[in-house]
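Peer 1: Contents of start-v2.txt (compact mmCIF, C-alpha atoms) are given next:
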# COMPACT_ATOMS: atom_id res chain seq x y z
CA MET A 620 57.79 93.04 111.22
CA ARG A 621 59.68 95.03 108.63
CA LEU A 622 63.46 95.00 108.40
CA ARG A 623 63.63 98.67 109.37
CA GLU A 624 61.66 97.98 112.55
CA TYR A 625 63.93 95.09 113.50
CA GLU A 626 67.05 97.25 113.07
CA GLN A 627 65.60 100.09 115.13
CA ASN A 628 64.44 97.77 117.92
CA ALA A 629 67.68 95.79 117.92
CA ALA A 630 69.79 98.95 117.99
CA ARG A 631 67.89 100.21 121.02
CA ARG A 632 68.28 96.87 122.79
CA LEU A 633 71.98 96.64 122.03
CA THR A 634 72.53 100.25 123.10
CA LYS A 635 70.89 99.48 126.43
CA ALA A 636 73.16 96.42 126.78
CA GLY A 637 76.24 98.59 126.23
CA VAL A 638 77.24 97.00 122.91
CA ASP A 639 79.55 99.03 120.67
CA SER A 640 78.16 100.26 117.32
CA PRO A 641 74.65 98.91 117.98
CA ARG A 642 73.09 100.03 114.67
CA LEU A 643 75.93 98.54 112.64
CA CYS A 644 75.68 95.33 114.65
CA ALA A 645 71.95 95.09 113.93
CA GLN A 646 72.58 95.62 110.21
CA LEU A 647 75.26 92.92 110.12
CA LEU A 648 73.03 90.44 111.91
CA ALA A 649 70.23 91.20 109.47
CA GLY A 650 72.56 90.78 106.52
CA HIS A 651 73.75 87.47 107.89
CA VAL A 652 70.23 86.09 108.22
CA LEU A 653 68.92 87.51 104.94
CA GLY A 654 72.05 86.84 102.89
CA LEU A 655 72.48 90.55 102.03
CA ASP A 656 75.34 93.01 102.26
CA ARG A 657 74.89 96.30 104.11
CA LEU A 658 73.88 98.26 101.03
CA HIS A 659 71.16 95.79 100.10
CA CYS A 660 69.95 95.76 103.71
CA VAL A 661 69.43 99.50 103.42
CA LEU A 662 67.58 99.09 100.12
CA ALA A 663 65.43 96.33 101.60
CA ALA A 664 64.51 98.30 104.71
CA GLU A 665 60.76 98.07 104.03
CA CYS A 666 60.71 94.34 103.29
CA GLU A 667 58.58 92.18 105.57
CA LEU A 668 60.48 89.58 107.59
CA THR A 669 59.12 86.06 107.69
CA PRO A 670 58.35 84.60 111.13
CA ASP A 671 61.42 82.36 110.83
CA GLN A 672 63.67 85.30 109.93
CA ALA A 673 62.27 87.42 112.76
CA GLY A 674 62.75 84.57 115.25
CA THR A 675 66.31 83.94 114.15
CA LEU A 676 67.18 87.62 114.37
CA GLU A 677 65.66 87.84 117.83
CA ALA A 678 67.81 84.91 119.00
CA LEU A 679 71.01 86.35 117.49
CA THR A 680 70.32 89.79 118.93
CA ALA A 681 69.81 88.26 122.36
CA ARG A 682 73.19 86.52 122.08
CA ARG A 683 74.92 89.77 121.14
CA ALA A 684 73.20 91.59 124.00
CA THR A 685 74.86 89.17 126.45
CA GLY A 686 78.27 90.25 125.13
CA GLU A 687 78.96 87.31 122.83
CA PRO A 688 81.32 88.60 120.12
CA LEU A 689 79.74 89.38 116.78
CA ALA A 690 82.45 87.33 115.06
CA HIS A 691 81.38 84.22 116.98
CA ILE A 692 77.72 84.79 116.13
CA LEU A 693 78.45 85.33 112.43
CA GLY A 694 81.20 82.71 112.37
CA ASP A 695 83.72 84.91 110.60
CA ARG A 696 85.80 88.09 110.71
CA GLU A 697 87.49 90.14 108.00
CA PHE A 698 91.29 90.31 107.96
CA PHE A 699 93.35 92.04 105.29
CA GLY A 700 90.31 92.23 103.02
CA ARG A 701 89.38 88.55 103.27
CA THR A 702 86.82 86.72 105.37
CA PHE A 703 88.18 84.16 107.83
CA LEU A 704 86.23 81.56 109.74
CA VAL A 705 86.50 81.97 113.51
CA THR A 706 85.20 79.93 116.43
CA PRO A 707 85.46 80.20 120.23
CA ASP A 708 88.62 78.07 119.88
CA THR A 709 90.49 80.82 118.04
CA LEU A 710 91.47 84.37 118.80
CA ILE A 711 89.35 86.79 116.78
CA PRO A 712 91.60 88.49 114.16
CA ARG A 713 92.25 92.13 114.98
CA PRO A 714 93.20 95.07 112.76
CA GLU A 715 96.48 95.72 114.59
CA THR A 716 97.72 92.25 113.61
CA GLU A 717 97.63 93.32 109.96
CA LEU A 718 100.82 95.26 110.76
CA LEU A 719 102.70 91.94 110.84
CA VAL A 720 101.54 91.12 107.32
CA GLU A 721 102.22 94.63 106.02
CA THR A 722 105.75 94.59 107.43
CA ALA A 723 106.56 91.17 105.95
CA LEU A 724 105.29 92.22 102.52
CA GLU A 725 107.30 95.44 102.69
CA LEU A 726 110.62 93.99 103.83
CA LEU A 727 110.80 90.73 101.87
CA PRO A 728 111.10 90.27 98.09
CA ALA A 729 107.80 89.65 96.32
CA GLY A 730 108.97 87.63 93.35
CA GLN A 731 111.23 85.09 95.01
CA PRO A 732 110.35 81.75 96.64
CA LEU A 733 110.33 81.98 100.42
CA ARG A 734 109.53 79.63 103.28
CA PHE A 735 107.92 80.95 106.45
CA ALA A 736 106.26 79.69 109.61
CA ASP A 737 103.31 81.26 111.44
CA LEU A 738 103.88 80.34 115.07
CA GLY A 739 100.69 80.11 117.12
CA ALA A 740 98.58 80.41 114.00
CA GLY A 741 95.12 80.40 115.57
CA SER A 742 92.64 80.97 112.75
CA GLY A 743 95.53 81.01 110.27
CA CYS A 744 94.80 84.58 109.22
CA ILE A 745 98.47 85.65 109.13
CA GLY A 746 99.92 82.65 107.31
CA VAL A 747 97.05 82.28 104.86
CA THR A 748 97.20 85.98 104.02
CA LEU A 749 100.94 85.85 103.38
CA CYS A 750 100.47 82.95 100.95
CA LEU A 751 97.65 84.68 99.12
CA GLU A 752 99.53 87.98 98.85
CA ARG A 753 102.74 86.27 97.68
CA PRO A 754 102.04 83.37 95.27
CA ARG A 755 105.64 82.10 95.42
CA TRP A 756 105.75 81.83 99.20
CA CYS A 757 104.97 78.65 101.12
CA GLY A 758 104.77 78.03 104.79
CA LEU A 759 103.73 76.26 107.95
CA LEU A 760 100.85 76.96 110.30
CA LEU A 761 101.92 75.84 113.76
CA GLU A 762 99.37 75.70 116.57
CA LEU A 763 99.13 73.81 119.85
CA SER A 764 95.32 73.80 120.05
CA ALA A 765 93.89 70.98 117.93
CA PRO A 766 90.48 72.69 117.43
CA ALA A 767 92.16 75.95 116.41
CA LEU A 768 94.40 74.09 113.98
CA GLU A 769 91.33 72.64 112.27
CA VAL A 770 89.98 76.16 111.81
CA ALA A 771 93.31 77.23 110.30
CA ARG A 772 93.24 74.28 107.92
CA ALA A 773 89.67 75.12 106.92
CA ASN A 774 90.60 78.74 106.19
CA ALA A 775 93.58 77.70 104.11
CA ALA A 776 91.39 75.34 102.08
CA ARG A 777 88.44 77.68 101.51
CA LEU A 778 90.67 80.62 100.54
CA GLY A 779 92.86 78.62 98.17
CA ALA A 780 96.15 78.48 100.07
CA ALA A 781 96.17 74.84 101.23
CA THR A 782 98.58 73.63 98.54
CA ARG A 783 101.31 75.95 99.85
CA LEU A 784 100.63 75.62 103.56
CA ASP A 785 101.26 72.74 105.91
CA ALA A 786 99.55 72.69 109.31
CA LEU A 787 101.22 71.14 112.32
CA ARG A 788 100.22 70.74 115.94
CA ALA A 789 103.21 71.65 118.09
CA ASP A 790 104.32 73.74 121.05
CA LEU A 791 106.09 77.06 120.49
CA ARG A 792 108.87 75.92 122.80
CA ALA A 793 109.74 72.83 120.76
CA ILE A 794 109.19 73.39 117.06
CA PRO A 795 110.06 70.27 115.01
CA LEU A 796 111.77 72.05 112.13
CA ALA A 797 115.36 71.90 110.95
CA ALA A 798 117.80 74.63 111.92
CA GLY A 799 118.06 77.39 109.32
CA SER A 800 114.98 76.14 107.47
CA CYS A 801 112.94 79.38 107.43
CA ASP A 802 113.32 82.73 105.72
CA LEU A 803 110.59 84.30 107.85
CA LEU A 804 109.06 83.61 111.24
CA VAL A 805 105.95 85.54 112.17
CA SER A 806 104.00 85.22 115.40
CA ASN A 807 101.18 86.78 117.38
CA PRO A 808 101.70 84.78 120.58
CA PRO A 809 99.91 85.17 123.91
CA TYR A 810 101.38 88.25 125.59
CA ILE A 811 98.95 89.57 128.21
CA ALA A 812 100.22 89.32 131.78
CA ASP A 813 97.99 87.77 134.44
CA ALA A 814 98.22 91.02 136.37
CA GLU A 815 96.55 92.80 133.43
CA ARG A 816 93.37 90.73 133.44
CA GLY A 817 91.46 93.63 134.92
CA GLN A 818 92.32 95.74 131.87
CA VAL A 819 90.96 93.22 129.35
CA MET A 820 87.46 93.78 127.98
CA ASP A 821 84.86 91.58 129.63
CA GLU A 822 83.73 90.32 126.21
CA VAL A 823 87.26 89.07 125.49
CA LEU A 824 87.68 87.46 128.90
CA ARG A 825 84.38 85.62 128.69
CA PHE A 826 84.47 84.37 125.12
CA GLU A 827 88.00 84.15 123.70
CA PRO A 828 90.48 81.36 124.55
CA HIS A 829 92.69 82.34 127.47
CA SER A 830 95.46 80.14 126.11
CA ALA A 831 95.76 82.56 123.17
CA LEU A 832 95.70 85.65 125.38
CA PHE A 833 97.70 85.19 128.58
CA SER A 834 101.35 84.41 129.13
CA PRO A 835 103.39 83.96 132.34
CA GLU A 836 106.45 85.98 133.31
CA ALA A 837 104.74 89.38 132.96
CA GLY A 838 103.37 88.36 129.58
CA LEU A 839 106.79 87.62 128.10
CA ALA A 840 107.10 83.81 128.37
CA HIS A 841 105.74 83.00 124.90
CA LEU A 842 107.56 85.91 123.27
CA ARG A 843 110.79 84.67 124.85
CA ALA A 844 110.11 81.14 123.57
CA VAL A 845 109.52 82.34 120.01
CA ILE A 846 112.71 84.39 120.07
CA ALA A 847 114.69 81.36 121.25
CA GLN A 848 113.23 79.20 118.49
CA ALA A 849 113.83 81.88 115.88
CA ALA A 850 117.53 81.97 116.73
CA ARG A 851 117.68 78.33 115.65
CA LEU A 852 115.17 78.15 112.81
CA LEU A 853 115.95 81.26 110.77
CA ARG A 854 118.59 81.19 108.09
CA PRO A 855 121.21 83.97 108.18
CA GLY A 856 119.45 87.16 107.14
CA GLY A 857 116.04 85.68 107.90
CA LEU A 858 113.37 87.94 109.36
CA LEU A 859 111.52 87.61 112.67
CA LEU A 860 108.28 89.53 113.20
CA LEU A 861 106.51 89.53 116.57
CA GLU A 862 103.30 91.16 117.73
CA HIS A 863 103.45 92.27 121.36
CA GLY A 864 101.59 94.40 123.86
CA ALA A 865 101.63 98.18 123.55
CA ALA A 866 103.80 98.52 126.66
CA GLN A 867 106.18 95.65 125.86
CA GLY A 868 108.28 97.21 123.10
CA LYS A 869 111.40 97.83 125.19
CA ALA A 870 111.17 94.46 126.94
CA VAL A 871 110.97 92.63 123.60
CA ARG A 872 113.86 94.64 122.16
CA ASP A 873 115.89 93.73 125.24
CA LEU A 874 115.08 90.03 124.74
CA LEU A 875 116.19 90.24 121.12
CA SER A 876 119.39 92.05 122.10
CA ALA A 877 120.28 89.70 124.96
CA GLY A 878 122.26 87.29 122.78
CA ASP A 879 124.20 87.63 119.57
CA ALA A 880 121.60 86.02 117.27
CA PHE A 881 119.87 89.14 115.90
CA VAL A 882 120.65 92.48 114.31
CA GLY A 883 118.47 95.26 112.92
CA ILE A 884 116.22 95.16 115.97
CA ALA A 885 113.40 97.68 115.71
CA THR A 886 109.80 98.35 116.69
CA ARG A 887 106.91 99.45 114.49
CA ARG A 888 103.78 101.26 115.61
CA ASP A 889 100.20 100.50 114.71
CA LEU A 890 97.67 103.00 113.36
CA ALA A 891 96.95 104.16 116.90
CA GLY A 892 100.62 105.07 117.34
CA LEU A 893 101.26 102.23 119.79
CA GLU A 894 104.36 100.05 119.70
CA ARG A 895 103.00 96.77 118.38
CA CYS A 896 105.46 94.88 116.16
CA ALA A 897 109.08 93.92 116.82
CA LEU A 898 111.38 92.94 113.99
CA ALA A 899 114.89 91.56 113.80
CA ARG A 900 117.22 89.84 111.33
CA LYS A 901 119.10 86.64 112.08
CA VAL A 902 122.87 87.10 112.07
In structure tokens, write the structure found in this file.
Peer 2:
Amino acid sequence: MRLREYEQNAARRLTKAGVDSPRLCAQLLAGHVLGLDRLHCVLAAECELTPDQAGTLEALTARRATGEPLAHILGDREFFGRTFLVTPDTLIPRPETELLVETALELLPAGQPLRFADLGAGSGCIGVTLCLERPRWCGLLLELSAPALEVARANAARLGAATRLDALRADLRAIPLAAGSCDLLVSNPPYIADAERGQVMDEVLRFEPHSALFSPEAGLAHLRAVIAQAARLLRPGGLLLLEHGAAQGKAVRDLLSAGDAFVGIATRRDLAGLERCALARKV
């Protein structure tokens, strides 16, 4: 079988299975097996696949046709221009989460030392990216899931950020750091309400860790916990950045305004125009 034939057959199969971007998916699977980028896959369209290559591609295509995320099959996902390892123990990095990184880089000085914590780090994509974008920053990756924390550590090591990042297993509700010890807290915590399960894509429900997706109290329990911890951990003037659901902007602003710990409370929208990121400064 030639590569072109595989891609055509796989695209048809994935289309029938209801997979998004079936042709692109087939190309990425082929590139993964052959060790080629998309351009070289196009140039190699007439190459003959070996029996082993054809068998491997058939198996991977079958997995994708069942709905298994492409990131799990490939073992990685791009975030902020870098490739991060992902596993079924971690949330798959999403483009909207890049807004947290962009906002931190915009609002905080680039040339000064800074200490931050990534709360609920998952794959570590946020914290690792901040370190790589700002060579004078150092931080902490905090994650309750031991398997996810190992993925975060692996990403920090392979991308060259391990010397400026510590990784700690801990709960968001009881962070073992000293008061006033952070200049920045950033978090993409679980924020989907149980009542919203029916609105979540089947692929996400079946394959991504529910502990990283769902939160009690109408999806606000973990956001509330992070806000409470931030009031203690941030130094005066320190910045808190929170990802939240598209319909949670007002609720998160109300949580931030409930006490006297924060000023400059605002919400930023993602590229789709949806409220996605809350920010506030510690008094």
Peer 1: Within 9 Å of Tyr625 (chain A), counting only C-alpha atoms, which residues show up once you throw out same-chain ones fewer than 5 positions away? Write them as a PDB file with C-alpha atoms, in the coordinates of the input, please.
Peer 2:
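This went into result_0.pdb:
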ATOM      1  CA  MET A 620      57.790  93.040 111.220  1.00  0.00           C
ATOM      2  CA  ALA A 630      69.790  98.950 117.990  1.00  0.00           C
ATOM      3  CA  ALA A 645      71.950  95.090 113.930  1.00  0.00           C
ATOM      4  CA  ALA A 649      70.230  91.200 109.470  1.00  0.00           C
ATOM      5  CA  LEU A 668      60.480  89.580 107.590  1.00  0.00           C
ATOM      6  CA  ALA A 673      62.270  87.420 112.760  1.00  0.00           C
ATOM      7  CA  LEU A 676      67.180  87.620 114.370  1.00  0.00           C
ATOM      8  CA  GLU A 677      65.660  87.840 117.830  1.00  0.00           C
TER       9      GLU A 677
END
Peer 1: May I ask which of the residues A:Gly892, A:Gly838, A:Gly694, A:Pro754 is the closest one to Leu679 (chain A), counting all atoms listed in the file?
Peer 2: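 Distance minimum relative to Leu679 (chain A) lands on A:Gly694.
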Peer 1: Contacts of region 841-848 of chain A at 9 Å or less, counting all atoms listed in the file, minus same-chain residues fewer than 2 places along, as a PyMOL selection string?
Peer 2: chain A and resi 738+791-794+804+806-810+834-836+838-839+850-853+859+861-863+871+874-875
Peer 1: Take the residues that were just selected and, keeping C-alpha atoms, output them as an mmCIF file, keeping the file's coordinate frame.
Peer 2:
data_model
loop_
_atom_site.group_PDB
_atom_site.id
_atom_site.type_symbol
_atom_site.label_atom_id
_atom_site.label_comp_id
_atom_site.auth_asym_id
_atom_site.auth_seq_id
_atom_site.Cartn_x
_atom_site.Cartn_y
_atom_site.Cartn_z
ATOM 1 C CA LEU A 738 103.880 80.340 115.070
ATOM 2 C CA LEU A 791 106.090 77.060 120.490
ATOM 3 C CA ARG A 792 108.870 75.920 122.800
ATOM 4 C CA ALA A 793 109.740 72.830 120.760
ATOM 5 C CA ILE A 794 109.190 73.390 117.060
ATOM 6 C CA LEU A 804 109.060 83.610 111.240
ATOM 7 C CA SER A 806 104.000 85.220 115.400
ATOM 8 C CA ASN A 807 101.180 86.780 117.380
ATOM 9 C CA PRO A 808 101.700 84.780 120.580
ATOM 10 C CA PRO A 809 99.910 85.170 123.910
ATOM 11 C CA TYR A 810 101.380 88.250 125.590
ATOM 12 C CA SER A 834 101.350 84.410 129.130
ATOM 13 C CA PRO A 835 103.390 83.960 132.340
ATOM 14 C CA GLU A 836 106.450 85.980 133.310
ATOM 15 C CA GLY A 838 103.370 88.360 129.580
ATOM 16 C CA LEU A 839 106.790 87.620 128.100
ATOM 17 C CA ALA A 850 117.530 81.970 116.730
ATOM 18 C CA ARG A 851 117.680 78.330 115.650
ATOM 19 C CA LEU A 852 115.170 78.150 112.810
ATOM 20 C CA LEU A 853 115.950 81.260 110.770
ATOM 21 C CA LEU A 859 111.520 87.610 112.670
ATOM 22 C CA LEU A 861 106.510 89.530 116.570
ATOM 23 C CA GLU A 862 103.300 91.160 117.730
ATOM 24 C CA HIS A 863 103.450 92.270 121.360
ATOM 25 C CA VAL A 871 110.970 92.630 123.600
ATOM 26 C CA LEU A 874 115.080 90.030 124.740
ATOM 27 C CA LEU A 875 116.190 90.240 121.120
#
Peer 1: Using Å and a single decimal, report how far CA of Leu693 (chain A) sits from CA of His651 (chain A).
Peer 2: 6.9 Å
Peer 1: Go through A:Thr722, A:Gln646, A:Thr886, A:Thr634 and flag the residue nearest Thr685 (chain A), using all atoms listed in the file for the distances.
Peer 2: A:Thr634
Peer 1: So for region 883-891 of chain A, what box centre and size do we get, axis-aligned, 6 Å extra on each of the six sides, every listed atom, Å to one decimal, as JSON?
Peer 2:
{"center_x": 107.7, "center_y": 99.7, "center_z": 114.9, "size_x": 33.5, "size_y": 21.0, "size_z": 16.0}
Peer 1: What does the structure give for the distance between CA of Asp879 (chain A) and CA of Cys896 (chain A), in Å to one decimal?
Peer 2: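 CA of Asp879 (chain A) sits 20.4 Å away from CA of Cys896 (chain A).
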Peer 1: I need the residue nearest Val705 (chain A) from this list: A:His829, A:Met820, A:Ala866, A:Gly741. Use only C-alpha atoms for the distance.
Peer 2: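 Nearest to Val705 (chain A): A:Gly741.
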Peer 1: For Asp708 (chain A), find every residue with an atom within 9 Å (counting only C-alpha atoms), except residues of its own chain fewer than 5 positions away, and show them as a ChimeraX atom specification.
Peer 2: /A:741-742,764,766-767,770,827-828
Peer 1: Using all atoms listed in the file, which of A:Thr675, A:Thr669, A:Thr716, A:Thr680 sits nearest Pro641 (chain A)?
Peer 2: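 Among the listed residues, the smallest separation from Pro641 (chain A) belongs to A:Thr680.
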Peer 1: Just checking: using all atoms listed in the file, which residue out of A:Glu624, A:Glu822, A:Asp737, A:Glu715 ends up closest to His691 (chain A)?
Peer 2: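 Nearest candidate to His691 (chain A) out of A:Glu624, A:Glu822, A:Asp737, A:Glu715: A:Glu822.
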Peer 1: Restricting the calculation to only C-alpha atoms: of A:Ile692, A:Leu860, A:Ala849, A:Ala765, which residue gets closest to Ser800 (chain A)?
Peer 2: A:Ala849
Peer 1: Would you compute the distance between CA of Lys901 (chain A) and CA of Leu796 (chain A)? Give it in Å to one decimal.
Peer 2: 16.3 Å
Peer 1: Env of Ala664 (chain A): 10 Å cut, atoms = only C-alpha atoms, seq-sep filter 2 positions within chain, self excluded. Answer as number ranges by chain.
Peer 2: A: 621-626, 659-662, 666-667
Peer 1: Just the residues within 6 Å of Leu784 (chain A), please, counting only C-alpha atoms, with nothing from its chain fewer than 4 positions along; format it as number ranges by chain.
Peer 2: A: 757-759
